[in-house]
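*Asks:* Before anything else, here's the structure in question.
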Amino acid sequence: MITPPYDGPWTARKVREEFFNYFRSKNHTFVPSSSTVPYDDPTLLFANAGMNQYKSIFLSTVDPNSERGKLKRAFNSQKCICVGGKHNDLEDVGKDSYHHTFFEMLGNWSFGDYFKKEAIEFSWDLLTNVYGLPKDRLYVTYYAGDPQNGISTDEEAKQHWLSQGISPDHVIVSKGNFWEMGTTGPCGPCSEIHFDRIGGRNAAHLVNGDDPDVLEIWNNVFIQFNRDDDGSLKPLPNKHELTGTRPYSGKFGNNDVDGIDTAYRVVADHVQTLSFALSDGGVPNNIGRGYVLHQILRRGSRYVRKTLGAPIGSFFSLMPVVMETMGDIFPELTKKQDDIKEILDEEEESFSCTLDWGEKLFDQYAICMKDQGAKELNGALYCILW
């Protein structure tokens with residue numbers, strides 16, 4: 001009996017469920033998300049990609065007799081925080097549909113098993129036949145190469161895409177298609193899939209152009225190298241493949257006249273980020289990743305107070321929604337719910353007092369300096385406000 005195609009709403013839960021079902025049917029093993037706080041990796045402030053927890057496999061330092069060392073195919077949903085270090089999206093959150101400090105990355109992985117051919121086939125099949133995305137609104141990219149480092153154009157990926165029946169003018173070469181986790185570590189060429197939300201046109205020239213209507217929704221990354229401390233690339237013993245996708249939508253730019261929609265996106269993103277980071281043991285403070293969490297917390301609180309006009313406590317009153325929508329796949333969220341709420345409530349209240357005091361002080365200085373005919377704030381007053 002043939003199952004009829006799904007025609008209901010594509011909620012985040014439904015997208016995740018179908019992704020899991022698809023790769024489970026392709027003999028992939030489910031691996032739970034790693035912590036957003038990578039205690040055993042000093043090169044990262046936060047987990048910023050699904051591949052972080054597989055680093056030892058890529059570098060062939062994993063015990064081959066361990067459960068992790070025996071993995072050949074895997075899938076999961078990784079909780080990621082992109083703020084600080086090489087991948088820092090903090091100041092771009094809210095301005096468009098595709099920058100977040102927290103996002104859920106759905107990923108499938110191959111460790112020395114399949115590579116470019118199957119990865120491309122899987123991603124195209126899932127997007128077009130399961131999710132039902134129109135093929136004529138999808139565009140794909142492949143790596144242009146880097147002669148200086150001896151890396152040629154990825155003609156193999158290009159040919160695999162063309163074999164899916166994609167129009168040649170939807171297959172685009174790109175110099176930027178080289179993925180790296182950070183300044184050092186496993187890396188390699190990648191091949192992205194972009195979706196045109198409008199359709200009825202050729203949008204190839206808008207791919208990777210920061211257009212809010214032409215979005216990257218998938219990235220096939222072919223891990224082939226390791227970036228050393230001196231910046232050189234060394235081939236890895238085995239070739240590995242990973243992919244990921246993260247959907248989102250909203251109103252942007254000139255359509256968001258008063259900045260309200262931007263504020264909603266910022267608040268939603270930052271509440272998620274803080275909920276996950278604190279559930280994994282992160283704490284807002286003035287050092288390292290704690291300082292970054294402090295920045296996120298204060299930025300979110302400021303948008304709630306100054307743009308949305310909501311009272312103290314409104315920011316983290318949204319935390320139960322995160323628990324409700326994400327707690328089933330990430331149970332660690334619900335285990336520390338009371339502790340997280342206590343920390344965030346105290347931090348929001350404290351910052352609100354600081355914000356109120358600072359604004360009053362600034363207003364006093366501004367009036368005083370205006371009376372004196374001055375147009376700039378002097379250094380001493382700047383330091384006090386800082």
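A note on labels: chains of the structure tokens are A, B, ... as shown, every chain counts residues from 1, and ligands are counted from 1 in their shown order.
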Once you count only C-alpha atoms, what closest atom pair and distance in Å to one decimal does each residue of range 132-209 of chain A within 7 Å of range 113-126 of chain A have, with rows by chain and rising residue number, as a Markdown table?

*Replies:*
```
| residue | atom | partner | partner_atom | distance |
| --- | --- | --- | --- | --- |
| A:Ala157 | CA | A:Lys116 | CA | 6.4 |
| A:His160 | CA | A:Lys117 | CA | 5.9 |
| A:Trp161 | CA | A:Ile120 | CA | 6.9 |
```

*Asks:* Suppose we keep all heavy atoms; can you now write the selection as a CSV table (one decimal), in the first residue's frame?

*Replies:*
```csv
chain,number,residue,atom,x,y,z
A,157,ALA,N,31.3,16.8,-7.6
A,157,ALA,CA,30.0,17.2,-7.0
A,157,ALA,C,29.1,17.8,-8.1
A,157,ALA,O,27.9,17.5,-8.1
A,157,ALA,CB,30.2,18.2,-5.9
A,160,HIS,N,27.5,15.0,-10.1
A,160,HIS,CA,26.5,14.3,-9.3
A,160,HIS,C,25.2,15.1,-9.3
A,160,HIS,O,24.1,14.6,-9.3
A,160,HIS,CB,27.0,14.0,-7.9
A,160,HIS,CG,28.0,12.9,-7.9
A,160,HIS,ND1,27.9,11.8,-8.6
A,160,HIS,CD2,29.2,12.8,-7.2
A,160,HIS,CE1,29.0,11.0,-8.4
A,160,HIS,NE2,29.7,11.6,-7.5
A,161,TRP,N,25.3,16.4,-9.2
A,161,TRP,CA,24.1,17.3,-9.2
A,161,TRP,C,23.4,17.2,-10.5
A,161,TRP,O,22.2,17.1,-10.6
A,161,TRP,CB,24.5,18.7,-8.8
A,161,TRP,CG,24.7,19.0,-7.3
A,161,TRP,CD1,25.8,19.5,-6.7
A,161,TRP,CD2,23.8,18.7,-6.3
A,161,TRP,NE1,25.6,19.6,-5.4
A,161,TRP,CE2,24.4,19.1,-5.1
A,161,TRP,CE3,22.4,18.3,-6.2
A,161,TRP,CZ2,23.7,19.0,-3.8
A,161,TRP,CZ3,21.8,18.2,-5.0
A,161,TRP,CH2,22.5,18.6,-3.8
```

*Asks:* Determine, counting only C-alpha atoms, which protein, DNA and RNA residues have an atom within 8 Å of an atom of Ala49 in chain A; residues of the same chain fewer than 3 positions away are not included. Present the result as an MDAnalysis selection string.

*Replies:* chainID A and resid 52 78 80 105 181

*Asks:* Pull the strand (DSSP E or B) assignments for range 169-379 of chain A out of DSSP run on the backbone, and list those residues as a ChimeraX atom specification.

*Replies:* /A:171-174,178-180,185-196,214-227,233-245

*Asks:* Under the rule of at most 10 Å, produce a per-residue listing of range 44-110 of chain A near range 22-36 of chain A: chain, number, name, the closest pair of atoms, and the distance in Å, as a Markdown table, using only C-alpha atoms.

*Replies:*
```
| residue | atom | partner | partner_atom | distance |
| --- | --- | --- | --- | --- |
| A:Leu45 | CA | A:Thr36 | CA | 8.9 |
| A:Phe46 | CA | A:Thr36 | CA | 5.4 |
| A:Ala47 | CA | A:Thr36 | CA | 4.8 |
| A:Asn48 | CA | A:Thr36 | CA | 7.8 |
| A:Ala49 | CA | A:Thr36 | CA | 9.6 |
| A:Gly50 | CA | A:Ser33 | CA | 7.9 |
| A:Met51 | CA | A:Ser34 | CA | 9.7 |
| A:Asn52 | CA | A:Ser34 | CA | 8.2 |
| A:Gln53 | CA | A:Ser34 | CA | 6.3 |
| A:Tyr54 | CA | A:Ser34 | CA | 9.7 |
| A:Arg68 | CA | A:Val31 | CA | 9.4 |
| A:Leu71 | CA | A:Thr29 | CA | 7.8 |
| A:Lys72 | CA | A:His28 | CA | 7.9 |
| A:Arg73 | CA | A:His28 | CA | 4.6 |
| A:Ala74 | CA | A:Thr29 | CA | 4.5 |
| A:Phe75 | CA | A:Phe30 | CA | 5.1 |
| A:Asn76 | CA | A:Val31 | CA | 5.5 |
| A:Ser77 | CA | A:Ser33 | CA | 6.0 |
| A:Gln78 | CA | A:Ser33 | CA | 4.6 |
| A:Lys79 | CA | A:Thr36 | CA | 6.4 |
| A:Cys80 | CA | A:Thr36 | CA | 6.1 |
| A:Ile81 | CA | A:Thr36 | CA | 6.7 |
| A:Phe102 | CA | A:Thr36 | CA | 9.6 |
| A:Glu104 | CA | A:Ser33 | CA | 9.7 |
| A:Met105 | CA | A:Ser33 | CA | 9.5 |
| A:Leu106 | CA | A:Ser33 | CA | 10.0 |
| A:Gly107 | CA | A:Phe23 | CA | 9.4 |
| A:Asn108 | CA | A:Phe23 | CA | 7.2 |
| A:Trp109 | CA | A:His28 | CA | 8.0 |
| A:Ser110 | CA | A:His28 | CA | 8.6 |
```

*Asks:* Once you have the residues from the selection above, write them out as a tab-separated table (two decimals), in the first residue's frame, restricted to N, CA, C and O atoms.

*Replies:*
```
chain	number	residue	atom	x	y	z
A	45	LEU	N	34.29	27.94	22.01
A	45	LEU	CA	33.49	28.48	23.11
A	45	LEU	C	32.20	27.68	23.27
A	45	LEU	O	31.78	27.34	24.38
A	46	PHE	N	31.55	27.41	22.13
A	46	PHE	CA	30.30	26.66	22.11
A	46	PHE	C	30.32	25.68	20.94
A	46	PHE	O	31.07	25.87	19.98
A	47	ALA	N	29.48	24.66	21.02
A	47	ALA	CA	29.29	23.78	19.88
A	47	ALA	C	28.61	24.58	18.77
A	47	ALA	O	27.51	25.10	18.96
A	48	ASN	N	29.27	24.73	17.64
A	48	ASN	CA	28.74	25.57	16.56
A	48	ASN	C	28.38	24.78	15.32
A	48	ASN	O	28.00	25.36	14.30
A	49	ALA	N	28.51	23.46	15.39
A	49	ALA	CA	28.18	22.63	14.23
A	49	ALA	C	27.98	21.20	14.69
A	49	ALA	O	28.51	20.77	15.73
A	50	GLY	N	27.23	20.45	13.91
A	50	GLY	CA	26.96	19.07	14.27
A	50	GLY	C	28.19	18.19	14.28
A	50	GLY	O	28.21	17.15	14.95
A	51	MET	N	29.23	18.60	13.54
A	51	MET	CA	30.39	17.73	13.44
A	51	MET	C	31.31	17.80	14.65
A	51	MET	O	32.23	16.99	14.78
A	52	ASN	N	31.09	18.75	15.56
A	52	ASN	CA	32.02	18.93	16.68
A	52	ASN	C	32.27	17.64	17.47
A	52	ASN	O	33.41	17.30	17.79
A	53	GLN	N	31.18	16.93	17.78
A	53	GLN	CA	31.33	15.74	18.62
A	53	GLN	C	31.99	14.57	17.88
A	53	GLN	O	32.38	13.58	18.51
A	54	TYR	N	32.13	14.69	16.56
A	54	TYR	CA	32.76	13.62	15.78
A	54	TYR	C	34.21	13.94	15.41
A	54	TYR	O	34.80	13.27	14.57
A	68	ARG	N	31.72	4.67	19.47
A	68	ARG	CA	31.86	5.79	18.55
A	68	ARG	C	32.77	5.42	17.37
A	68	ARG	O	32.52	5.82	16.23
A	71	LEU	N	31.06	3.60	14.40
A	71	LEU	CA	30.02	4.28	13.63
A	71	LEU	C	30.40	4.39	12.15
A	71	LEU	O	31.51	4.77	11.82
A	72	LYS	N	29.46	4.09	11.28
A	72	LYS	CA	29.66	4.27	9.85
A	72	LYS	C	28.68	5.30	9.27
A	72	LYS	O	29.03	6.10	8.41
A	73	ARG	N	27.43	5.24	9.73
A	73	ARG	CA	26.41	6.19	9.30
A	73	ARG	C	25.65	6.68	10.54
A	73	ARG	O	25.29	5.87	11.39
A	74	ALA	N	25.42	7.97	10.62
A	74	ALA	CA	24.73	8.52	11.78
A	74	ALA	C	23.80	9.65	11.36
A	74	ALA	O	23.96	10.24	10.29
A	75	PHE	N	22.80	9.93	12.20
A	75	PHE	CA	21.95	11.11	12.01
A	75	PHE	C	21.59	11.65	13.38
A	75	PHE	O	21.59	10.92	14.38
A	76	ASN	N	21.30	12.94	13.44
A	76	ASN	CA	20.88	13.53	14.71
A	76	ASN	C	20.36	14.94	14.50
A	76	ASN	O	20.31	15.46	13.39
A	77	SER	N	19.97	15.55	15.61
A	77	SER	CA	19.66	16.98	15.65
A	77	SER	C	20.60	17.59	16.67
A	77	SER	O	20.49	17.30	17.86
A	78	GLN	N	21.53	18.42	16.21
A	78	GLN	CA	22.53	19.02	17.08
A	78	GLN	C	22.11	20.44	17.48
A	78	GLN	O	21.71	21.24	16.63
A	79	LYS	N	22.16	20.73	18.75
A	79	LYS	CA	21.90	22.09	19.22
A	79	LYS	C	23.19	22.88	19.09
A	79	LYS	O	24.24	22.48	19.60
A	80	CYS	N	23.13	24.01	18.39
A	80	CYS	CA	24.32	24.80	18.05
A	80	CYS	C	24.16	26.25	18.52
A	80	CYS	O	23.06	26.81	18.48
A	81	ILE	N	25.27	26.84	18.95
A	81	ILE	CA	25.30	28.25	19.32
A	81	ILE	C	26.39	28.92	18.49
A	81	ILE	O	27.57	28.57	18.59
A	102	PHE	N	21.26	30.69	18.30
A	102	PHE	CA	20.95	29.27	18.50
A	102	PHE	C	20.18	28.73	17.31
A	102	PHE	O	19.29	29.40	16.79
A	104	GLU	N	18.89	24.64	15.59
A	104	GLU	CA	18.87	23.18	15.63
A	104	GLU	C	19.33	22.68	14.27
A	104	GLU	O	18.69	22.96	13.26
A	105	MET	N	20.43	21.97	14.23
A	105	MET	CA	20.96	21.48	12.95
A	105	MET	C	20.65	20.00	12.77
A	105	MET	O	21.16	19.15	13.51
A	106	LEU	N	19.80	19.71	11.79
A	106	LEU	CA	19.55	18.32	11.42
A	106	LEU	C	20.70	17.86	10.55
A	106	LEU	O	21.05	18.53	9.58
A	107	GLY	N	21.28	16.71	10.88
A	107	GLY	CA	22.45	16.28	10.12
A	107	GLY	C	22.50	14.78	9.90
A	107	GLY	O	22.04	13.99	10.73
A	108	ASN	N	23.03	14.39	8.76
A	108	ASN	CA	23.35	12.98	8.50
A	108	ASN	C	24.84	12.88	8.21
A	108	ASN	O	25.44	13.80	7.65
A	109	TRP	N	25.44	11.75	8.60
A	109	TRP	CA	26.90	11.63	8.62
A	109	TRP	C	27.34	10.30	8.04
A	109	TRP	O	26.69	9.27	8.25
A	110	SER	N	28.43	10.35	7.34
A	110	SER	CA	29.08	9.13	6.86
A	110	SER	C	30.53	9.17	7.28
A	110	SER	O	31.23	10.16	7.04
```

*Asks:* Of the residues A:Leu318, A:Ala204, A:Ile198, A:Leu355, which is the one nearest to Val267 in chain A, using only C-alpha atoms?

*Replies:*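 Answer, going by the shortest atom-to-atom distance: A:Leu318.
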